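**Q** Before I ask anything, here is the structure I am working with.
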Amino acid sequence: GSIGAVAVSEWDPNVIYVGTGEKTVRGNVSPGDGMWKSVDAGDSWRRVGLEDSQHISRIRIHPKNPDLAYAAVMGHLFGPNEQRGVFRTRDGGVTWEKVLFVDREVGAVDLVMDPTNPRILYASFWRIKRTPYSLESGGPGSGLYKSVDGGDTWVELSQNEGLPKGTLGIIGLAVSPSNNKNVYALIEAEDGGLFRSQDGGKRWQKTSDDRNLRQRAWYYTRVYADPLDDESVYVTNVDFHFSKDGGKTFAVIGTPHTDNHDLWIDPADPKRMIQANDGGANISYNGGLTWSTQSNQPTVQFYRVSTDNDFPYRLLGGQQDNSAVRIRSQSFRGDAITTRDWEPTAGGESGHIVAKPDNPNIVVGGSYGGLLRLVDHDTGESRSIDVWPDNPMGYGAKDLRYRFQWNYPILFSQHDPDSLYVAANVLFKSTNLGQSWTQLSPDLTRNDKSKMGKSGGPITKDDTSVEYYGTIFAIAESSHEAGVLWAGSDDGRIHLTRNAGETWDDVTPAALPEWSMVNSIDVDPFNPGGVYLAATRYKLDDFSPYLFYTSNWGRSWKRIHGDIPKAHFTRVLRADPQTAGLLYAGTERGVYFSRDNGRSWSSLQLDLPIVPITDMQVKGDDLVVATQGRGYWILDDLPVLRQQAEGVNGDEPQLYIPGKSYRLLAGGRDKDVSKAGTNPYEGVSFFYQLPADLQDEQSLSLSVYAPGEEAPLWTWTGKTEDESEEPAVEGEVDTAVLGTKAGLHRHVWNLEHPGMERFDNLILWADMKAGPKAVPGVYRAVLQQDTFQKEVRFEVLADPRSQATPENYAEQFAFVVQSRDLLTRTHREIKRIRALRSQLDSLLERLKSEPEDPITAKLNELNALLTEVEEALYQTKNESRQDPLNFPIRLNNKLVSLMRTVAQDDLGPTEQAWKVKAELSAAIERQLAKLDSVWSEQVPALNDAVRAQGVDMISLEKLASED
């Protein structure tokens, strides 16, 4: 999920190289796993080496040979390693050779290939290192290099005339395609700035020392030469800068978002460019005057997730370099989760955000600098409630009274919704929504001042609180007992209080390595003394998972990482609140679950992208995850896992009890959700499991029964031979047939009863194809396969937002069913009319009678009656969807429209709706009554009349079959 570099071959655009691991190395940086390659324009990928590189920042491909490529490898961020420097492949990634290396702590950060001569390469090297408490940008080994023989040999340019002396940091490079002697270098140094060489790097001149171009150098430092004008140059930083005088003066080009990191310029048309920033990617065709949208890119990076108690519940969290948001887990009204279901809320980009348990519209959110805000969404009021409102920006941690980290914990009490907890290096509590705070604990960290100095350097300091150390990083309140609180620190300490903070015990696991970051704590729902914790040490270059469990208030701990892969370090561990021993772990590479309290683990990835999981919550029947780069995701239908954890017989089919199913006021599931979040399936999701592929697919059936009914509402069967393969569980669901392959299947009932019977080419205005919605109540489902049968009962619940009573539901159901059944009778009669008319026309042709002939006259008279009745019941002139706007609708359409109107809400039909229904029903019945004599008297009489002439009679049996 973490990409640092992308390159597309000019010679063969089907060839793409991708280097993994971020270049913008924030404190929560995500490492990669090497180089990947596609030879089919991205349809498929394979890994092609450099597995231990962790951070690849640039790739360059020979313009006429896609097998010859170069990579700038930064290497490990948190420790030394050998796989760093400039690498070259001559065989398309089969093998790589290290062609330029400084040492185990210095890597290559930028790499430029001369656009006019691919044998000429420039590379910059950077000593960059992070620890849990510091950032170091620059130092010995940082420098600038050049090769003129395709990387075989290199010459260092760092000491050349005009370049800054002393310690160097990160360096960005560019060569002008219009003049390959023109080279730009953006250099972090005490006397740094933008430098230009006009002789291929031999001599340099500083053109600008504007700090706007080089602020927070480690995070930015990229420079780009215009393809056609060697005097034009671009620099990306907080703003997007452009110079047309060789870098002497710069103007700012507006972009959709600040914090700009990368740029591509069309070699043939410099006004066409792609620019990337902390908001996403955007395209311009006019040199940056206007840009494309960024709202079509699901690239949000969330630090945490919490949920509120509204319906549908919301997810709350801070987006990296964007707004704090709360988002509905399901669209309030629509068919997809769109921006109508999102809104800004309390807090900032980095912090925890929580809603008051008894009032979801009171939200408290944090961010760096100790920021703490309260928003009342009912009134729109916002208030600052910082625990200690003394802005720490630019200071080291040891200079502060209280150490509030970038991502400090915030928690409302489960036992007292007016109690709010916030953690720095000590724990605070407020009972008046932040008007005042009480300190509940001493310092619960190691409090090692040697790890609390200023961050950054040796050139540029960078204190944003990301590196503040010795802080409480996770807190949890017991769900069993008020006053029981757990706290875990980022320097590896666990503390417990059982008396609301009067005393604290250090219960740190002996097996937890020193200086581990405790990222999550979760109380065992089934054991008051049980706690689960997840810790990380990736900031110490240790990527192992660290998961622990105590059953006895921390007196002893057991490590429970089981068989989670070694490199998949863990940030979060949650226990299922309904099934003992069922656990969910969020790792750097995805989600795992355990059915045996952590002894063994299995992947729960399904269709979730391979992406770092930063936080998780179990909310009812859902598992909610926050990701670093792909937004929020929800896994529905946890009851399946819960029932599997309790044990199932794998040798026979299995039908699982569905989870909570709601009859919603409105909503649906739009299949085209490329620009929106996906709603859950509407209705009841049935999960069933088959032990083996079925040979006789029709032997499988699933039936649903309404309360108290013996006949099924619906029965679905297995697919037939000419039907396509059934979809997988994680794909779209076929509502017509059942999957019959071995494994787990989902089949969705949308809560609709069968609709009215229809006839061919029926066109109605305000049509309603479905029947009435299921009323709330207890239903049952039966899965049958040959002699095996499994019955489960499940409940359809009313929408909690609905004001409808059981009587309302019953009245609405009766109204719609009565209307549907009358419409079915009507449409059957219309089909019989059309079948009879066809026979009458055929009979007239066979009789070849004169118009005055008595039989012919009777046939014409009957035809006229049929036409009169049909046209009263249905607008026969309709041939296209909007023809009813031209030809007035008839009785069946009026009743369908009324039925649809009444079915759209839960409150039941109005008095006037009943009156209109009565009028329409009576009018329809009058027309249908006219047909009674047709079937019982007129058709038999006609048969008697034509029998004597030896002509085939009208087939009453055929007409009856139209029923």
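Scheme for the structure tokens: letters A, B, ... for chains in order shown; per-chain residue numbers from 1; ligand numbers from 1 in order shown.
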For Leu433 (chain A), find every residue with an atom within 8 Å (counting only C-alpha atoms), except residues of its own chain fewer than 2 positions away, and show them as a PyMOL selection string.
**A** chain A and resi 374+385+418-420+430-431+435-436
**Q** May I have the residues within 7 Å of Ser520 (chain A) as a list in words, using only C-alpha atoms and disregarding those fewer than 2 positions away in the same chain?
**A**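 Final neighbour list, sorted by chain and number: Ala474, Val518, Asp522, Leu533, Ala534, Arg571, Val572 and Leu573 of chain A.
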**Q** Pull N, CA, C and O atoms from the residues just selected and write them as a PDB file, in the first residue's frame.
**A**
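Saved result, again.pdb, follows:
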```
ATOM      1  N   ALA A 474      -2.085   5.064  24.645  1.00  0.00           N
ATOM      2  CA  ALA A 474      -3.338   4.314  24.562  1.00  0.00           C
ATOM      3  C   ALA A 474      -3.953   4.226  25.954  1.00  0.00           C
ATOM      4  O   ALA A 474      -3.246   4.011  26.942  1.00  0.00           O
ATOM      5  N   VAL A 518       3.071   1.225  22.872  1.00  0.00           N
ATOM      6  CA  VAL A 518       1.780   0.580  23.104  1.00  0.00           C
ATOM      7  C   VAL A 518       0.729   1.365  22.330  1.00  0.00           C
ATOM      8  O   VAL A 518       0.411   2.503  22.679  1.00  0.00           O
ATOM      9  N   ASP A 522      -7.330  -3.122  24.810  1.00  0.00           N
ATOM     10  CA  ASP A 522      -8.727  -3.515  24.710  1.00  0.00           C
ATOM     11  C   ASP A 522      -9.068  -4.431  25.877  1.00  0.00           C
ATOM     12  O   ASP A 522      -8.377  -5.440  26.114  1.00  0.00           O
ATOM     13  N   LEU A 533      -3.396  -6.151  24.364  1.00  0.00           N
ATOM     14  CA  LEU A 533      -2.662  -4.967  23.929  1.00  0.00           C
ATOM     15  C   LEU A 533      -1.858  -5.275  22.674  1.00  0.00           C
ATOM     16  O   LEU A 533      -1.426  -6.416  22.444  1.00  0.00           O
ATOM     17  N   ALA A 534      -1.712  -4.231  21.854  1.00  0.00           N
ATOM     18  CA  ALA A 534      -0.888  -4.297  20.651  1.00  0.00           C
ATOM     19  C   ALA A 534       0.205  -3.254  20.770  1.00  0.00           C
ATOM     20  O   ALA A 534      -0.049  -2.109  21.154  1.00  0.00           O
ATOM     21  N   ARG A 571      -0.589  -2.762  14.986  1.00  0.00           N
ATOM     22  CA  ARG A 571      -0.935  -1.503  15.644  1.00  0.00           C
ATOM     23  C   ARG A 571      -2.157  -1.634  16.546  1.00  0.00           C
ATOM     24  O   ARG A 571      -2.345  -0.834  17.453  1.00  0.00           O
ATOM     25  N   VAL A 572      -3.025  -2.614  16.284  1.00  0.00           N
ATOM     26  CA  VAL A 572      -4.288  -2.650  17.010  1.00  0.00           C
ATOM     27  C   VAL A 572      -4.772  -4.087  17.167  1.00  0.00           C
ATOM     28  O   VAL A 572      -4.609  -4.918  16.262  1.00  0.00           O
ATOM     29  N   LEU A 573      -5.379  -4.361  18.320  1.00  0.00           N
ATOM     30  CA  LEU A 573      -5.939  -5.673  18.629  1.00  0.00           C
ATOM     31  C   LEU A 573      -7.279  -5.442  19.311  1.00  0.00           C
ATOM     32  O   LEU A 573      -7.358  -4.715  20.307  1.00  0.00           O
TER      33      LEU A 573
END
```
**Q** For Gly318 (chain A), which residue among A:Asn160, A:Ser455, A:Gln628, A:Gln198 is the nearest when counting only C-alpha atoms?
**A**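 Under the stated criterion, the closest residue is A:Gln628.
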**Q** Based on the backbone DSSP call, show me all residues of region 754-913 of chain A assigned helix (DSSP H, G or I), as a ChimeraX atom specification.
**A** /A:806-847,854-873,883-885,891-903,911-913
**Q** Enumerate as a VMD selection string all residues of region 151-200 of chain A assigned to strand (DSSP E) by DSSP on the backbone, naming them with the chain letters and numbers the document uses.
**A** chain A and resid 155 to 156 168 to 176 179 to 189 193 to 197
